[in-house]
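Worksheet: one structure, shown below.
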Amino acid sequence: MVNHTRHISPRYGILQWLLLAVIAAACATAEPAGGESGAGSRGDNGSTVALRFTICTADGAGSHPSLRSAAAGTRATGVWEEDAADVAERILSADDMRVHIFDQSGVLLTTAIPSAADYTLTPGDNDGYYSLTVAFNHDYFDKFPDDATVPFTVMILANLRSIGAGYADYSPGATRLSDVADSFVMDSGYYPTADGGIPMYGLRSFTVAKNQLTQGIDAPIAGQIDMLRALCRIDVADRVVNATLNPDGLSYPRVVSVEMTRWNDHGYIRPRYDDYAQGLRYANIYPASPATTAVAARRIQEGDHGDDGGDDGDGDGDGDGDGDGDATIYRFYCPEAEADEMHFSVGAILAPGEGIRQFRVSLSDFQSQIGSQLIRNHIYRFDIHAFDTRLDLTATVADWHVQTDEYRLDDIVSMEPGGLLQWEYDTADFAVSTETYNGNPEQQLSLLNGTTRAATGRFHILSPTGARWRATLIPGENGVDAFEFVDLDDRGRVIEASARPYAEGTVGTPAQIHIRGKGAADAYRHWAELVIEVLTPDGTVLYAPLTAGMSSKFIIYRENRL
């Protein structure tokens with residue numbers, strides 16, 4: 001790459017939970033692992049194999065400390081600052097877990113019961129990391145040459161007993177991966193605690209070099225498993241914008257209760273499809289009639305997730321006795337369900353001296369926002385804005401492990417965490433770098449003259465609601481008609497007829513743009529500023545931040561091949 005001498009100064013639930021380390025050692029013979037009964041597995045006369053799992057439940061970590069980048073998390077190791085309900089949403093226990101191990105054809109080799117005598121689950125220093133060691137005998141691993149890699153699949157089931165269910169007893173050698181279908185019935189009084197969390201499931205296939213299976217406890221980490229919660233979370237928040245503080249110290253109108261009046265209480269611990277790398281899209285709904293016994297949602301104060309729901313007696317539902325404070329949230333957990341089978345009722349007092357009035361809501365009314373099904377590991381948020389002859393509220397959906405902004409301000413551009421502009425390109429013809437101009441860092445995409453290929457930029461703008469975005473180029477030196485936006489076919493090739501001077505789309509969905517050099521280039525430098533305008537329904541033009549430094553400009557640079 002040539003040196004650049006002129007630039008424009010620029011003005012991110014799943015929660016990824018499981019990290020797997022695999023070891024096999026010639027250690028002392030241990031009793032083989034079985035199912036719920038602890039029965040032995042077929043092939044249990046083989047070598048003793050030990051599998052060591054490093055379990056990560058630290059919020060926002062995404063990987064074990066040995067794999068994590070410096071920017072992958074902000075929580076200090078050894079410290080949990082969140083309240084009890086947050087811990088409950090990610091807690092794991094050796095007394096409430098099953099580890100199924102399958103061969104390469106999907107036949108069950110053995111089931112590990114971590115709380116049994118032959119298995120140990122050692123917690124870390126309250127930092128969200130655990131070490132689980134499982135030892136068993138099986139001749140499956142003996143069938144591979146010393147220089148081979150050994151394929152196997154690990155499935156984790158957790159927290160079924162915490163919800164009142166039990167684990168099925170699967171027979172090694174006779175059970176296939178597709179046979180695992182543990183289910184549960186959720187009691188109306190269920191609420192996750194720090195002692196009993198949310199049912200979870202995880203699955204991943206591994207191929208490990210056999211010579212690594214003899215390294216004992218020093219074996220390297222082989223990868224990670226993402227644990228998915230088998231429940232959905234519904235939050236109904238009192239965000240009434242026209243509430244007035246009265247002389248009695250209370251605000252009116254205000255929400256005083258939320259009840260689920262129709263809901264699904266049956267669920268599967270396993271998702272409909274195991275391949276959820278691209279996100280969950282389909283619910284695995286248990287075929288049972290919805291429960292019609294009303295269940296009160298747990299009242300908590302925003303920012304006080306450990307509230308046990310106790311009232312202070314003032315009727316305002318905030319627990320602080322004065323009617324002030326952050327928004328009050330009513331929380332409910334449930335298995336996956338059809339949206340039209342889920343109903344809740346909001347109790348509200350509209351004015352001083354009035355009784356409680358009930359507003360009944362069917363989630364089917366919000367299918368355009370939340371979809372036709374409630375899908376596991378997702379949070380469904382309903383914000384109440386006003387009361388009139390009907391309830392005025394909006395709905396949003398978030399993956400559990402993603403921290404999203406519940407507020408949607410019409411004059412502010414907000415980005416999905418991790419949703420700033422990121423580039424994908426062939427390094428033979430493109431590069432992304434950070435350069436310094438007048439003491440200020442600026443990011444730029446460089447492309448070599450002569451290439452007809454395109455670089456892809458991905459981003460995700462969350463708000464303003466109802467807005468559209470448009471990606472354009474502001475010409476710099478020799479930047480007029482030097483670049484263009486294009487579309488790609490299924491094989492990643494440029495569709496020539498798609499070339500245009502801008503790209504556009506709708507705010508609220510993941511977006512992508514493809515940029516390449518336009519026409520023949522001379523020996524001079526060519527550059528332009530890429531900006532993404534956000535056009536609100538009222539005609540206001542805003543600019544989306546593109547870099548971690550919140551710059552709204554990204555330099556597109558064209559240069560000659562050395």
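Naming works like this for the structure tokens: A, B, ... for the chains as they're shown, residue 1 at the start of each chain, ligands 1 onward in shown order.
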Considering only C-alpha atoms, return as an mmCIF file with N, CA, C and O atoms, in the first residue's frame whatever protein or nucleic-acid residues lie within 9 Å of Val531 (chain A), sequence-local ones (same chain, fewer than 2 positions apart) excluded.
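See out_34.cif below for the written result:
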data_model
loop_
_atom_site.group_PDB
_atom_site.id
_atom_site.type_symbol
_atom_site.label_atom_id
_atom_site.label_comp_id
_atom_site.auth_asym_id
_atom_site.auth_seq_id
_atom_site.Cartn_x
_atom_site.Cartn_y
_atom_site.Cartn_z
ATOM 1 N N ARG A 470 -29.771 6.091 4.008
ATOM 2 C CA ARG A 470 -29.197 6.169 2.665
ATOM 3 C C ARG A 470 -27.695 6.352 2.779
ATOM 4 O O ARG A 470 -27.221 7.283 3.453
ATOM 5 N N ALA A 471 -26.942 5.468 2.154
ATOM 6 C CA ALA A 471 -25.483 5.553 2.131
ATOM 7 C C ALA A 471 -25.057 6.317 0.882
ATOM 8 O O ALA A 471 -25.447 5.957 -0.240
ATOM 9 N N THR A 472 -24.297 7.392 1.075
ATOM 10 C CA THR A 472 -23.835 8.211 -0.048
ATOM 11 C C THR A 472 -22.351 8.495 0.101
ATOM 12 O O THR A 472 -21.754 8.246 1.159
ATOM 13 N N LEU A 473 -21.758 9.061 -0.956
ATOM 14 C CA LEU A 473 -20.335 9.387 -0.961
ATOM 15 C C LEU A 473 -20.155 10.869 -1.242
ATOM 16 O O LEU A 473 -20.687 11.402 -2.228
ATOM 17 N N ILE A 474 -19.415 11.557 -0.369
ATOM 18 C CA ILE A 474 -19.080 12.964 -0.561
ATOM 19 C C ILE A 474 -17.689 13.023 -1.196
ATOM 20 O O ILE A 474 -16.705 12.614 -0.564
ATOM 21 N N GLU A 529 -15.754 10.541 1.157
ATOM 22 C CA GLU A 529 -16.258 10.256 2.499
ATOM 23 C C GLU A 529 -17.574 9.484 2.395
ATOM 24 O O GLU A 529 -18.526 9.954 1.758
ATOM 25 N N GLU A 533 -26.872 8.669 5.858
ATOM 26 C CA GLU A 533 -27.911 9.591 6.302
ATOM 27 C C GLU A 533 -29.123 8.803 6.809
ATOM 28 O O GLU A 533 -29.481 7.763 6.250
ATOM 29 N N TYR A 543 -27.293 11.686 10.949
ATOM 30 C CA TYR A 543 -26.173 10.896 10.449
ATOM 31 C C TYR A 543 -25.857 9.774 11.435
ATOM 32 O O TYR A 543 -25.786 10.000 12.645
ATOM 33 N N ALA A 544 -25.678 8.561 10.912
ATOM 34 C CA ALA A 544 -25.404 7.398 11.755
ATOM 35 C C ALA A 544 -23.929 7.341 12.122
ATOM 36 O O ALA A 544 -23.065 7.598 11.279
ATOM 37 N N PRO A 545 -23.597 6.997 13.385
ATOM 38 C CA PRO A 545 -22.194 6.782 13.748
ATOM 39 C C PRO A 545 -21.698 5.511 13.083
ATOM 40 O O PRO A 545 -22.405 4.499 13.048
ATOM 41 N N LEU A 546 -20.476 5.557 12.551
ATOM 42 C CA LEU A 546 -19.944 4.414 11.805
ATOM 43 C C LEU A 546 -18.793 3.724 12.507
ATOM 44 O O LEU A 546 -18.502 2.565 12.219
ATOM 45 N N SER A 552 -19.131 9.918 12.037
ATOM 46 C CA SER A 552 -20.169 9.662 11.047
ATOM 47 C C SER A 552 -19.595 9.580 9.634
ATOM 48 O O SER A 552 -20.342 9.538 8.664
ATOM 49 N N LYS A 553 -18.263 9.570 9.502
ATOM 50 C CA LYS A 553 -17.637 9.505 8.192
ATOM 51 C C LYS A 553 -16.619 8.359 8.152
ATOM 52 O O LYS A 553 -15.927 8.092 9.128
ATOM 53 N N PHE A 554 -16.542 7.696 7.007
ATOM 54 C CA PHE A 554 -15.568 6.634 6.784
ATOM 55 C C PHE A 554 -14.934 6.919 5.425
ATOM 56 O O PHE A 554 -15.632 7.059 4.418
#
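With CA of Ile234 (chain A) on one side and CA of Val507 (chain A) on the other, the separation reads 24.1 Å.
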> Got a sec: who's within 6 Å of region 334-338 of chain A, counting only C-alpha atoms, leaving out chain neighbours fewer than 3 positions off, as a count of residues only?
Replying inline: 11
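Between Ala158 (chain A) and the residues A:Thr193, A:Gln358, A:Ser93, A:Asn377, the shortest atom-to-atom distance, using only C-alpha atoms, involves A:Ser93.
Comparing the minimum interatomic distances between Ile532 (chain A) and each of A:Leu421, A:Ala351, A:Thr434, A:Pro441, counting only C-alpha atoms, we find that A:Leu421 sits nearest.
Our summary of the geometry notes that CA of Asp96 (chain A) is positioned 9.1 Å from CA of Tyr167 (chain A).
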> Which distance in Å separates CA of Asp274 (chain A) and CA of Asp103 (chain A), to one decimal?
Replying inline: 16.4 Å
